[in-house]
Amino acid sequence: MTPAQATAASSGLEGIEAGSTTICNVGQGQLLYRGYEIHDLADNATFEQVAHLLLVGHKPSADELKRFKSELVSLRSVPDWIIDIVRRIAPNSHPMDTLRTGVSLLSHVDAHIASNSPEHNLAKAKRLLAAIPTIIGAGQRAIDGKPIVAPDPALDHPANLLYMMTGNRPSELFARTMDVSLILYAEHEFNASTFTCRTIAGTLSDMHSAVVGGIGALKGPLHGGANEAAMDMLKEVGALDNVRPFMDNAFATKRKIMGFGHRVYKNGDHRAPILRSWGLKLTKERPEFKKWFDIGDAVQKIMLDEKHIHPNVDFPCGMTYFTMGIPVPQYTPIFVASRITGWCAHIMEQHENNRLIRPLSTYVGPERREWNG
Ligand code: CMC
């Protein structure tokens, strides 16, 4: 649907252009982060370079990258009292809820919480980016009944994220696969969580409040929660022989196939084949996980042949993170560890050129009537 075809009452705001941005362009033919195409970034950039591109606004020079990375390393630690709360709530909570609370708690120790100035916003974005893996790691270690692992300054952001969750330093292939997945997840224009962040920022509320709202929006299975739901669904299918009956039943009951479909992409999500290829590389080291890609391929063929619906990035993500041994409920928090860059870039863009976001609704309720009539 083109913007011209969309009406003011377009269901789900489909086809509505709700603002302009210099950060990202989501198109049928390409996905650009500040002009750089996603295949180019996945092949040639690291997540920290992409984070700099999104947050600072340009590709970093070698010196800028060195400074940016060491700044992030220096900002990884989280106050003990916050870690204590995270560890207390994590065993009985979904990790997205734990992370949402953890980010909210971080606002209480941020010296510039009330300031939306570009300098303070950029500083806050870096602190959030650096601290989120520490919260995710502390939560997972508590779930596993293990002591917290301190961040390793020698590890880059993606490898440190894996290390803090597992206590093991990942292999080069595992670290690079996580790196690529974070690049792919970093930014996607006016998706539901980013739009939530911008709506909150548009009231001149602060970055932490906007990010807490973004986490809430990302959690849902129609958005970021789909990477967990896709893997849970594949586990439910369980075996190649079960794909056909599972899909027949899903079609008969109008059950959604998680990790498929997209509001904007109608000919496929540019990110999905990139992540699938990295996931498949992992199965060379862990052949026992190849089964999940075979089941996924069979599901994908039926969806394409019979519904003409393509997989989105969350579909290969499920299989890839599963092959890496990451617990399924951590998939969407890992999405946050990446998308925090896109969210913060949008919050800064909103604050720098703000107008309150306040659309209209079409009223379809009762006509005016009298209370005492
Ligand atoms: N499985 C089965 N049918 C589907 C699916 C699916 N995954 N996606 C769309 N359809 C069908 C839908 O039933 C509808 O059919 P009909 O017109 O006969 O009623 C038609 O396609 C249009 O679907 P829609 O739900 O109206 O489309 P939308 O633009 O509102 O929704 C979506 C987009 C992503 C919410 C939807 O495709 C969906 O629910 N997918 C599953 C969840 C998912 O994978 N979400 C991740 C989105 S992308 C990455 C991210 O945000 O993390």
# chains A, B, ... in the order shown; residues from 1 in each chain; ligands from 1
call {"tool": "residues_around", "arguments": {"residues": "A:Ile85", "least_positions_apart": "2", "cutoff": "12 Å", "atoms": "only C-alpha atoms", "output": "short mmCIF file (atom, residue, chain, number, x, y, z; two decimals) with all heavy atoms, in the first residue's frame"}}
result
data_model
loop_
_atom_site.label_atom_id
_atom_site.label_comp_id
_atom_site.auth_asym_id
_atom_site.auth_seq_id
_atom_site.Cartn_x
_atom_site.Cartn_y
_atom_site.Cartn_z
N VAL A 78 27.86 -2.30 36.27
CA VAL A 78 26.56 -1.86 36.76
C VAL A 78 26.62 -1.90 38.28
O VAL A 78 27.22 -2.84 38.85
CB VAL A 78 25.46 -2.84 36.22
CG1 VAL A 78 24.13 -2.64 36.91
CG2 VAL A 78 25.33 -2.70 34.70
N PRO A 79 26.07 -0.89 38.97
CA PRO A 79 26.17 -0.89 40.44
C PRO A 79 25.68 -2.20 41.08
O PRO A 79 24.70 -2.80 40.60
CB PRO A 79 25.25 0.28 40.84
CG PRO A 79 25.21 1.16 39.65
CD PRO A 79 25.35 0.27 38.45
N ASP A 80 26.36 -2.59 42.17
CA ASP A 80 26.04 -3.87 42.83
C ASP A 80 24.57 -3.97 43.23
O ASP A 80 23.97 -5.03 43.13
CB ASP A 80 26.91 -4.03 44.10
CG ASP A 80 28.35 -4.32 43.72
OD1 ASP A 80 28.59 -4.63 42.53
OD2 ASP A 80 29.22 -4.20 44.61
N TRP A 81 23.99 -2.84 43.71
CA TRP A 81 22.61 -2.94 44.20
C TRP A 81 21.64 -3.26 43.06
O TRP A 81 20.64 -3.96 43.25
CB TRP A 81 22.18 -1.68 44.97
CG TRP A 81 22.03 -0.42 44.14
CD1 TRP A 81 22.98 0.52 43.89
CD2 TRP A 81 20.84 0.04 43.47
NE1 TRP A 81 22.48 1.53 43.11
CE2 TRP A 81 21.16 1.26 42.83
CE3 TRP A 81 19.55 -0.45 43.34
CZ2 TRP A 81 20.25 1.99 42.09
CZ3 TRP A 81 18.64 0.28 42.59
CH2 TRP A 81 18.98 1.48 41.97
N ILE A 82 21.98 -2.81 41.83
CA ILE A 82 21.12 -3.14 40.67
C ILE A 82 21.32 -4.62 40.30
O ILE A 82 20.35 -5.35 40.06
CB ILE A 82 21.43 -2.21 39.48
CG1 ILE A 82 21.04 -0.77 39.82
CG2 ILE A 82 20.71 -2.70 38.22
CD1 ILE A 82 21.26 0.24 38.72
N ILE A 83 22.58 -5.05 40.32
CA ILE A 83 22.84 -6.47 40.03
C ILE A 83 22.12 -7.37 41.05
O ILE A 83 21.55 -8.40 40.69
CB ILE A 83 24.37 -6.75 40.04
CG1 ILE A 83 25.04 -6.00 38.88
CG2 ILE A 83 24.68 -8.25 39.97
CD1 ILE A 83 24.65 -6.46 37.48
N ARG A 87 19.48 -10.18 40.01
CA ARG A 87 19.69 -11.59 40.36
C ARG A 87 18.52 -12.13 41.19
O ARG A 87 18.19 -13.30 41.12
CB ARG A 87 21.02 -11.77 41.10
CG ARG A 87 22.22 -11.69 40.15
CD ARG A 87 23.53 -11.97 40.86
NE ARG A 87 23.60 -13.32 41.41
CZ ARG A 87 23.96 -14.39 40.71
NH1 ARG A 87 24.27 -14.29 39.43
NH2 ARG A 87 24.01 -15.57 41.29
N ARG A 88 17.89 -11.25 41.97
CA ARG A 88 16.76 -11.71 42.79
C ARG A 88 15.52 -11.98 41.94
O ARG A 88 14.79 -12.91 42.17
CB ARG A 88 16.44 -10.66 43.87
CG ARG A 88 16.60 -11.26 45.27
CD ARG A 88 16.28 -10.27 46.34
NE ARG A 88 17.34 -9.29 46.51
CZ ARG A 88 17.16 -8.09 47.03
NH1 ARG A 88 15.96 -7.70 47.44
NH2 ARG A 88 18.17 -7.26 47.18
N ILE A 89 15.28 -11.12 40.94
CA ILE A 89 14.04 -11.28 40.16
C ILE A 89 14.20 -12.27 39.00
O ILE A 89 13.20 -12.87 38.57
CB ILE A 89 13.51 -9.92 39.63
CG1 ILE A 89 14.52 -9.23 38.70
CG2 ILE A 89 13.11 -9.01 40.77
CD1 ILE A 89 14.02 -7.91 38.11
N ALA A 90 15.44 -12.44 38.51
CA ALA A 90 15.63 -13.21 37.26
C ALA A 90 15.08 -14.64 37.30
O ALA A 90 14.45 -15.08 36.34
CB ALA A 90 17.11 -13.21 36.87
N PRO A 91 15.30 -15.41 38.39
CA PRO A 91 14.89 -16.82 38.33
C PRO A 91 13.39 -17.02 38.14
O PRO A 91 12.96 -18.07 37.67
CB PRO A 91 15.36 -17.38 39.68
CG PRO A 91 16.49 -16.48 40.08
CD PRO A 91 16.09 -15.12 39.60
N SER A 93 11.34 -14.72 36.46
CA SER A 93 10.83 -13.75 35.48
C SER A 93 11.29 -14.12 34.09
O SER A 93 12.32 -14.77 33.91
CB SER A 93 11.38 -12.35 35.78
OG SER A 93 11.14 -11.98 37.11
N THR A 98 13.03 -8.88 33.20
CA THR A 98 14.19 -8.56 34.03
C THR A 98 14.98 -7.42 33.40
O THR A 98 15.39 -6.47 34.10
CB THR A 98 15.10 -9.81 34.16
OG1 THR A 98 14.32 -10.88 34.68
CG2 THR A 98 16.28 -9.55 35.08
N LEU A 99 15.18 -7.49 32.09
CA LEU A 99 15.96 -6.46 31.42
C LEU A 99 15.23 -5.11 31.46
O LEU A 99 15.85 -4.06 31.68
CB LEU A 99 16.23 -6.88 29.97
CG LEU A 99 17.07 -5.94 29.12
CD1 LEU A 99 18.43 -5.64 29.77
CD2 LEU A 99 17.29 -6.52 27.72
N THR A 101 13.23 -4.05 33.75
CA THR A 101 13.42 -3.51 35.10
C THR A 101 14.86 -3.03 35.29
O THR A 101 15.09 -1.96 35.87
CB THR A 101 13.07 -4.59 36.15
OG1 THR A 101 11.69 -4.93 35.97
CG2 THR A 101 13.29 -4.10 37.57
N GLY A 102 15.81 -3.80 34.78
CA GLY A 102 17.22 -3.42 34.92
C GLY A 102 17.50 -2.07 34.26
O GLY A 102 18.19 -1.21 34.84
N VAL A 103 16.95 -1.86 33.07
CA VAL A 103 17.17 -0.58 32.37
C VAL A 103 16.49 0.55 33.15
O VAL A 103 17.04 1.64 33.30
CB VAL A 103 16.65 -0.66 30.91
CG1 VAL A 103 16.56 0.72 30.28
CG2 VAL A 103 17.55 -1.56 30.09
N SER A 104 15.33 0.27 33.67
CA SER A 104 14.64 1.29 34.47
C SER A 104 15.46 1.65 35.71
O SER A 104 15.61 2.83 36.05
CB SER A 104 13.26 0.74 34.87
OG SER A 104 12.49 1.77 35.40
N LEU A 105 16.05 0.63 36.35
CA LEU A 105 16.89 0.91 37.52
C LEU A 105 18.12 1.74 37.14
O LEU A 105 18.55 2.61 37.92
CB LEU A 105 17.34 -0.41 38.18
CG LEU A 105 16.22 -1.23 38.86
CD1 LEU A 105 16.75 -2.60 39.28
CD2 LEU A 105 15.66 -0.48 40.06
N LEU A 106 18.67 1.49 35.95
CA LEU A 106 19.84 2.27 35.53
C LEU A 106 19.54 3.76 35.48
O LEU A 106 20.43 4.59 35.68
CB LEU A 106 20.32 1.81 34.15
CG LEU A 106 21.07 0.46 34.08
CD1 LEU A 106 21.37 0.11 32.61
CD2 LEU A 106 22.37 0.51 34.88
N ILE A 135 23.57 -6.71 32.42
CA ILE A 135 22.28 -7.07 33.04
C ILE A 135 21.79 -8.42 32.51
O ILE A 135 21.37 -9.29 33.29
CB ILE A 135 21.24 -5.96 32.79
CG1 ILE A 135 21.68 -4.70 33.55
CG2 ILE A 135 19.85 -6.40 33.22
CD1 ILE A 135 20.81 -3.50 33.30
N ALA A 138 23.99 -11.11 34.11
CA ALA A 138 23.71 -11.33 35.53
C ALA A 138 22.41 -12.12 35.70
O ALA A 138 22.31 -13.02 36.54
CB ALA A 138 23.62 -9.99 36.27
N GLY A 139 21.41 -11.79 34.87
CA GLY A 139 20.12 -12.49 34.95
C GLY A 139 20.26 -13.96 34.58
O GLY A 139 19.75 -14.84 35.28
N ALA A 142 22.02 -15.96 37.23
CA ALA A 142 21.14 -16.24 38.39
C ALA A 142 20.18 -17.38 38.05
O ALA A 142 19.93 -18.26 38.89
CB ALA A 142 20.37 -14.97 38.77
#
call {"tool": "residues_around", "arguments": {"residues": "A:Ile38", "least_positions_apart": "6", "cutoff": "8 Å", "atoms": "only C-alpha atoms", "output": "number ranges by chain"}}
result
A: 30-32, 184, 270-271
call {"tool": "residues_near_ligand", "arguments": {"ligand": "ligand 1", "cutoff": "10 Å", "atoms": "only C-alpha atoms and all ligand atoms", "output": "ChimeraX atom specification"}}
result
/A:11-15,185,188,191-193,217-230,247,250-251,254-266,269,271-272,303,307-315,317,332,335
call {"tool": "select_by_dssp", "arguments": {"residues": "stretch 19-203 of chain A", "states": "helix (DSSP H, G or I)", "output": "PDB file with C-alpha atoms, in the first residue's frame"}}
result
ATOM      1  CA  ILE A  38      22.952  -4.335   5.037  1.00  0.00           C
ATOM      2  CA  HIS A  39      24.895  -7.003   3.068  1.00  0.00           C
ATOM      3  CA  ASP A  40      27.857  -4.621   2.896  1.00  0.00           C
ATOM      4  CA  LEU A  41      27.678  -4.021   6.659  1.00  0.00           C
ATOM      5  CA  ALA A  42      27.247  -7.736   7.493  1.00  0.00           C
ATOM      6  CA  ASP A  43      30.243  -8.624   5.300  1.00  0.00           C
ATOM      7  CA  ASN A  44      32.589  -5.777   6.150  1.00  0.00           C
ATOM      8  CA  PHE A  47      28.769  -4.301  15.476  1.00  0.00           C
ATOM      9  CA  GLU A  48      30.742  -1.587  17.276  1.00  0.00           C
ATOM     10  CA  GLN A  49      31.369   0.173  13.950  1.00  0.00           C
ATOM     11  CA  VAL A  50      27.650  -0.009  13.154  1.00  0.00           C
ATOM     12  CA  ALA A  51      26.792   1.248  16.654  1.00  0.00           C
ATOM     13  CA  HIS A  52      29.084   4.252  16.066  1.00  0.00           C
ATOM     14  CA  LEU A  53      27.516   4.819  12.641  1.00  0.00           C
ATOM     15  CA  LEU A  54      24.030   4.855  14.140  1.00  0.00           C
ATOM     16  CA  LEU A  55      24.717   6.775  17.352  1.00  0.00           C
ATOM     17  CA  VAL A  56      27.413   9.252  16.322  1.00  0.00           C
ATOM     18  CA  ALA A  62      40.331   3.768  13.131  1.00  0.00           C
ATOM     19  CA  ASP A  63      41.076   6.222  15.969  1.00  0.00           C
ATOM     20  CA  GLU A  64      37.411   6.987  16.614  1.00  0.00           C
ATOM     21  CA  LEU A  65      36.607   3.287  16.735  1.00  0.00           C
ATOM     22  CA  LYS A  66      39.424   2.625  19.191  1.00  0.00           C
ATOM     23  CA  ARG A  67      38.148   5.386  21.480  1.00  0.00           C
ATOM     24  CA  PHE A  68      34.509   4.312  21.097  1.00  0.00           C
ATOM     25  CA  LYS A  69      35.321   0.695  21.956  1.00  0.00           C
ATOM     26  CA  SER A  70      37.414   1.546  24.991  1.00  0.00           C
ATOM     27  CA  GLU A  71      34.715   3.936  26.196  1.00  0.00           C
ATOM     28  CA  LEU A  72      32.130   1.146  25.930  1.00  0.00           C
ATOM     29  CA  VAL A  73      34.427  -1.241  27.831  1.00  0.00           C
ATOM     30  CA  SER A  74      34.817   1.341  30.601  1.00  0.00           C
ATOM     31  CA  ASP A  80      26.040  -3.866  42.832  1.00  0.00           C
ATOM     32  CA  TRP A  81      22.607  -2.940  44.197  1.00  0.00           C
ATOM     33  CA  ILE A  82      21.123  -3.143  40.675  1.00  0.00           C
ATOM     34  CA  ILE A  83      22.843  -6.474  40.029  1.00  0.00           C
ATOM     35  CA  ASP A  84      21.425  -7.741  43.354  1.00  0.00           C
ATOM     36  CA  ILE A  85      17.870  -6.864  42.293  1.00  0.00           C
ATOM     37  CA  VAL A  86      18.389  -8.358  38.825  1.00  0.00           C
ATOM     38  CA  ARG A  87      19.687 -11.593  40.363  1.00  0.00           C
ATOM     39  CA  ARG A  88      16.762 -11.709  42.790  1.00  0.00           C
ATOM     40  CA  ILE A  89      14.043 -11.280  40.160  1.00  0.00           C
ATOM     41  CA  ALA A  90      15.625 -13.208  37.264  1.00  0.00           C
ATOM     42  CA  PRO A  91      14.889 -16.815  38.329  1.00  0.00           C
ATOM     43  CA  ASN A  92      11.134 -16.185  38.391  1.00  0.00           C
ATOM     44  CA  PRO A  95      14.473 -12.226  30.853  1.00  0.00           C
ATOM     45  CA  MET A  96      12.760  -9.421  28.893  1.00  0.00           C
ATOM     46  CA  ASP A  97      10.947  -8.378  32.067  1.00  0.00           C
ATOM     47  CA  THR A  98      14.192  -8.560  34.028  1.00  0.00           C
ATOM     48  CA  LEU A  99      15.955  -6.456  31.418  1.00  0.00           C
ATOM     49  CA  ARG A 100      13.124  -3.903  31.326  1.00  0.00           C
ATOM     50  CA  THR A 101      13.416  -3.508  35.102  1.00  0.00           C
ATOM     51  CA  GLY A 102      17.224  -3.419  34.915  1.00  0.00           C
ATOM     52  CA  VAL A 103      17.169  -0.578  32.372  1.00  0.00           C
ATOM     53  CA  SER A 104      14.639   1.285  34.467  1.00  0.00           C
ATOM     54  CA  LEU A 105      16.895   0.908  37.522  1.00  0.00           C
ATOM     55  CA  LEU A 106      19.842   2.268  35.527  1.00  0.00           C
ATOM     56  CA  SER A 107      17.932   5.543  35.160  1.00  0.00           C
ATOM     57  CA  HIS A 108      18.265   6.052  38.936  1.00  0.00           C
ATOM     58  CA  VAL A 109      22.052   6.199  38.743  1.00  0.00           C
ATOM     59  CA  PRO A 118      22.519  15.875  22.402  1.00  0.00           C
ATOM     60  CA  GLU A 119      25.697  15.450  24.519  1.00  0.00           C
ATOM     61  CA  HIS A 120      23.891  13.919  27.476  1.00  0.00           C
ATOM     62  CA  ASN A 121      21.741  11.741  25.219  1.00  0.00           C
ATOM     63  CA  LEU A 122      24.805  10.351  23.420  1.00  0.00           C
ATOM     64  CA  ALA A 123      26.501   9.663  26.760  1.00  0.00           C
ATOM     65  CA  LYS A 124      23.371   7.891  28.021  1.00  0.00           C
ATOM     66  CA  ALA A 125      23.120   5.828  24.834  1.00  0.00           C
ATOM     67  CA  LYS A 126      26.713   4.616  25.277  1.00  0.00           C
ATOM     68  CA  ARG A 127      26.096   3.770  28.944  1.00  0.00           C
ATOM     69  CA  LEU A 128      22.969   1.771  28.038  1.00  0.00           C
ATOM     70  CA  LEU A 129      24.690  -0.026  25.158  1.00  0.00           C
ATOM     71  CA  ALA A 130      27.613  -1.009  27.392  1.00  0.00           C
ATOM     72  CA  ALA A 131      25.557  -2.004  30.456  1.00  0.00           C
ATOM     73  CA  ILE A 132      22.784  -4.066  28.843  1.00  0.00           C
ATOM     74  CA  PRO A 133      24.956  -7.205  28.333  1.00  0.00           C
ATOM     75  CA  THR A 134      25.955  -6.995  32.005  1.00  0.00           C
ATOM     76  CA  ILE A 135      22.281  -7.072  33.043  1.00  0.00           C
ATOM     77  CA  ILE A 136      21.454  -9.890  30.602  1.00  0.00           C
ATOM     78  CA  GLY A 137      24.486 -11.854  31.831  1.00  0.00           C
ATOM     79  CA  ALA A 138      23.710 -11.332  35.534  1.00  0.00           C
ATOM     80  CA  GLY A 139      20.120 -12.486  34.949  1.00  0.00           C
ATOM     81  CA  GLN A 140      21.094 -15.631  33.053  1.00  0.00           C
ATOM     82  CA  ARG A 141      23.757 -16.575  35.620  1.00  0.00           C
ATOM     83  CA  ALA A 142      21.143 -16.238  38.387  1.00  0.00           C
ATOM     84  CA  ILE A 143      18.727 -18.452  36.414  1.00  0.00           C
ATOM     85  CA  HIS A 157      30.764  -6.323  22.629  1.00  0.00           C
ATOM     86  CA  PRO A 158      29.256  -9.491  20.999  1.00  0.00           C
ATOM     87  CA  ALA A 159      31.822 -11.888  22.496  1.00  0.00           C
ATOM     88  CA  ASN A 160      31.502 -10.248  25.917  1.00  0.00           C
ATOM     89  CA  LEU A 161      27.717 -10.618  25.768  1.00  0.00           C
ATOM     90  CA  LEU A 162      28.086 -14.380  25.199  1.00  0.00           C
ATOM     91  CA  TYR A 163      30.802 -14.643  27.848  1.00  0.00           C
ATOM     92  CA  MET A 164      28.734 -12.888  30.499  1.00  0.00           C
ATOM     93  CA  MET A 165      25.824 -15.265  29.919  1.00  0.00           C
ATOM     94  CA  THR A 166      27.808 -18.504  29.764  1.00  0.00           C
ATOM     95  CA  GLU A 172      35.913 -16.847  16.715  1.00  0.00           C
ATOM     96  CA  LEU A 173      33.064 -18.305  14.633  1.00  0.00           C
ATOM     97  CA  PHE A 174      30.546 -18.005  17.480  1.00  0.00           C
ATOM     98  CA  ALA A 175      31.657 -14.450  18.263  1.00  0.00           C
ATOM     99  CA  ARG A 176      31.453 -13.358  14.606  1.00  0.00           C
ATOM    100  CA  THR A 177      28.022 -14.998  14.204  1.00  0.00           C
ATOM    101  CA  MET A 178      26.764 -13.045  17.209  1.00  0.00           C
ATOM    102  CA  ASP A 179      28.451  -9.934  15.775  1.00  0.00           C
ATOM    103  CA  VAL A 180      26.598 -10.314  12.448  1.00  0.00           C
ATOM    104  CA  SER A 181      23.274 -10.999  14.166  1.00  0.00           C
ATOM    105  CA  LEU A 182      23.678  -7.791  16.208  1.00  0.00           C
ATOM    106  CA  ILE A 183      24.468  -5.841  13.014  1.00  0.00           C
ATOM    107  CA  LEU A 184      21.302  -7.209  11.394  1.00  0.00           C
ATOM    108  CA  TYR A 185      19.143  -6.387  14.421  1.00  0.00           C
ATOM    109  CA  ALA A 192       6.716  -0.808  16.534  1.00  0.00           C
ATOM    110  CA  SER A 193       9.353  -0.534  19.276  1.00  0.00           C
ATOM    111  CA  THR A 194      11.250   2.332  17.632  1.00  0.00           C
ATOM    112  CA  PHE A 195       7.999   4.181  17.032  1.00  0.00           C
ATOM    113  CA  THR A 196       7.159   3.621  20.710  1.00  0.00           C
ATOM    114  CA  CYS A 197      10.534   5.117  21.680  1.00  0.00           C
ATOM    115  CA  ARG A 198       9.934   8.104  19.407  1.00  0.00           C
ATOM    116  CA  THR A 199       6.412   8.637  20.746  1.00  0.00           C
ATOM    117  CA  ILE A 200       7.709   8.682  24.320  1.00  0.00           C
ATOM    118  CA  ALA A 201      10.653  10.921  23.386  1.00  0.00           C
TER     119      ALA A 201
END
call {"tool": "closest_residue", "arguments": {"among": "A:Ser209, A:Ser277, A:Lys291, A:Ala252", "to": "A:Ile113", "atoms": "only C-alpha atoms"}}
result
A:Ser209
call {"tool": "atom_distance", "arguments": {"atom1": "atom CA of A:Gly279", "atom2": "atom CA of A:Thr320"}}
result
4.4 Å
call {"tool": "closest_residue", "arguments": {"among": "A:Phe246, A:Trp343, A:Phe322, A:Tyr33", "to": "A:Lys290", "atoms": "only C-alpha atoms"}}
result
A:Phe322
call {"tool": "select_by_dssp", "arguments": {"residues": "stretch 21-200 of chain A", "states": "strand (DSSP E)", "output": "JSON, numbers by chain"}}
result
{"A": [24, 25, 26, 31, 32, 33, 36, 37]}
call {"tool": "atom_distance", "arguments": {"atom1": "atom CA of A:Lys281", "atom2": "atom CA of A:Met231"}}
result
18.1 Å
call {"tool": "atom_distance", "arguments": {"atom1": "atom CA of A:Asp152", "atom2": "atom CA of A:Ser61"}}
result
24.1 Å
call {"tool": "residues_around", "arguments": {"residues": "A:Thr323", "least_positions_apart": "2", "cutoff": "8 Å", "atoms": "only C-alpha atoms", "output": "ChimeraX atom specification"}}
result
/A:279,282-283,286,289,319-321,325-326
call {"tool": "write_last_selection", "arguments": {"atoms": "all heavy atoms", "output": "compact mmCIF listing (two decimals), in the first residue's frame"}}
result
# COMPACT_ATOMS: atom_id res chain seq x y z
N GLY A 279 24.16 -19.14 10.53
CA GLY A 279 23.69 -20.24 11.36
C GLY A 279 24.15 -21.58 10.81
O GLY A 279 24.61 -22.47 11.55
N LEU A 282 27.62 -22.57 11.62
CA LEU A 282 27.79 -23.13 12.97
C LEU A 282 27.53 -24.63 12.99
O LEU A 282 28.12 -25.36 13.79
CB LEU A 282 26.82 -22.45 13.95
CG LEU A 282 26.95 -20.96 14.19
CD1 LEU A 282 25.87 -20.51 15.16
CD2 LEU A 282 28.33 -20.62 14.75
N THR A 283 26.61 -25.07 12.13
CA THR A 283 26.27 -26.50 12.16
C THR A 283 27.41 -27.37 11.63
O THR A 283 27.39 -28.58 11.83
CB THR A 283 24.97 -26.80 11.37
OG1 THR A 283 25.19 -26.51 9.98
CG2 THR A 283 23.79 -26.00 11.89
N ARG A 286 28.71 -28.00 14.86
CA ARG A 286 27.73 -28.69 15.70
C ARG A 286 26.68 -29.38 14.82
O ARG A 286 25.53 -28.94 14.74
CB ARG A 286 27.03 -27.69 16.64
CG ARG A 286 28.00 -27.08 17.64
CD ARG A 286 27.27 -26.38 18.76
NE ARG A 286 28.20 -26.12 19.84
CZ ARG A 286 27.89 -25.41 20.92
NH1 ARG A 286 26.68 -24.90 21.04
NH2 ARG A 286 28.78 -25.23 21.87
N PHE A 289 22.85 -29.99 15.27
CA PHE A 289 21.83 -28.93 15.19
C PHE A 289 21.34 -28.69 13.76
O PHE A 289 20.41 -27.92 13.55
CB PHE A 289 22.38 -27.62 15.77
CG PHE A 289 22.49 -27.66 17.27
CD1 PHE A 289 23.65 -28.12 17.88
CD2 PHE A 289 21.42 -27.26 18.06
CE1 PHE A 289 23.75 -28.17 19.27
CE2 PHE A 289 21.51 -27.32 19.45
CZ PHE A 289 22.67 -27.77 20.05
N MET A 319 16.97 -20.50 15.06
CA MET A 319 17.81 -21.70 14.84
C MET A 319 19.28 -21.40 15.14
O MET A 319 20.01 -22.24 15.66
CB MET A 319 17.73 -22.13 13.37
CG MET A 319 16.36 -22.52 12.92
SD MET A 319 16.43 -22.71 11.12
CE MET A 319 15.09 -21.66 10.65
N THR A 320 19.71 -20.18 14.78
CA THR A 320 21.12 -19.83 14.94
C THR A 320 21.48 -19.73 16.42
O THR A 320 22.47 -20.32 16.88
CB THR A 320 21.41 -18.49 14.22
OG1 THR A 320 21.05 -18.65 12.85
CG2 THR A 320 22.86 -18.09 14.34
N TYR A 321 20.67 -19.00 17.18
CA TYR A 321 20.97 -18.87 18.62
C TYR A 321 20.82 -20.23 19.32
O TYR A 321 21.55 -20.53 20.26
CB TYR A 321 20.05 -17.84 19.26
CG TYR A 321 20.37 -16.38 18.91
CD1 TYR A 321 19.53 -15.34 19.32
CD2 TYR A 321 21.51 -16.02 18.19
CE1 TYR A 321 19.81 -14.00 19.01
CE2 TYR A 321 21.79 -14.70 17.88
CZ TYR A 321 20.93 -13.69 18.29
OH TYR A 321 21.21 -12.39 17.99
N GLY A 325 23.60 -22.59 21.58
CA GLY A 325 23.35 -23.04 22.95
C GLY A 325 22.78 -21.96 23.85
O GLY A 325 22.79 -22.10 25.08
N ILE A 326 22.26 -20.89 23.25
CA ILE A 326 21.70 -19.80 24.07
C ILE A 326 20.28 -20.19 24.50
O ILE A 326 19.48 -20.64 23.65
CB ILE A 326 21.67 -18.49 23.26
CG1 ILE A 326 23.09 -18.10 22.82
CG2 ILE A 326 21.01 -17.37 24.05
CD1 ILE A 326 23.12 -16.97 21.80
call {"tool": "residues_around", "arguments": {"residues": "A:Leu240", "least_positions_apart": "5", "cutoff": "9 Å", "atoms": "only C-alpha atoms", "output": "ChimeraX atom specification"}}
result
/A:291-292,294-296,298
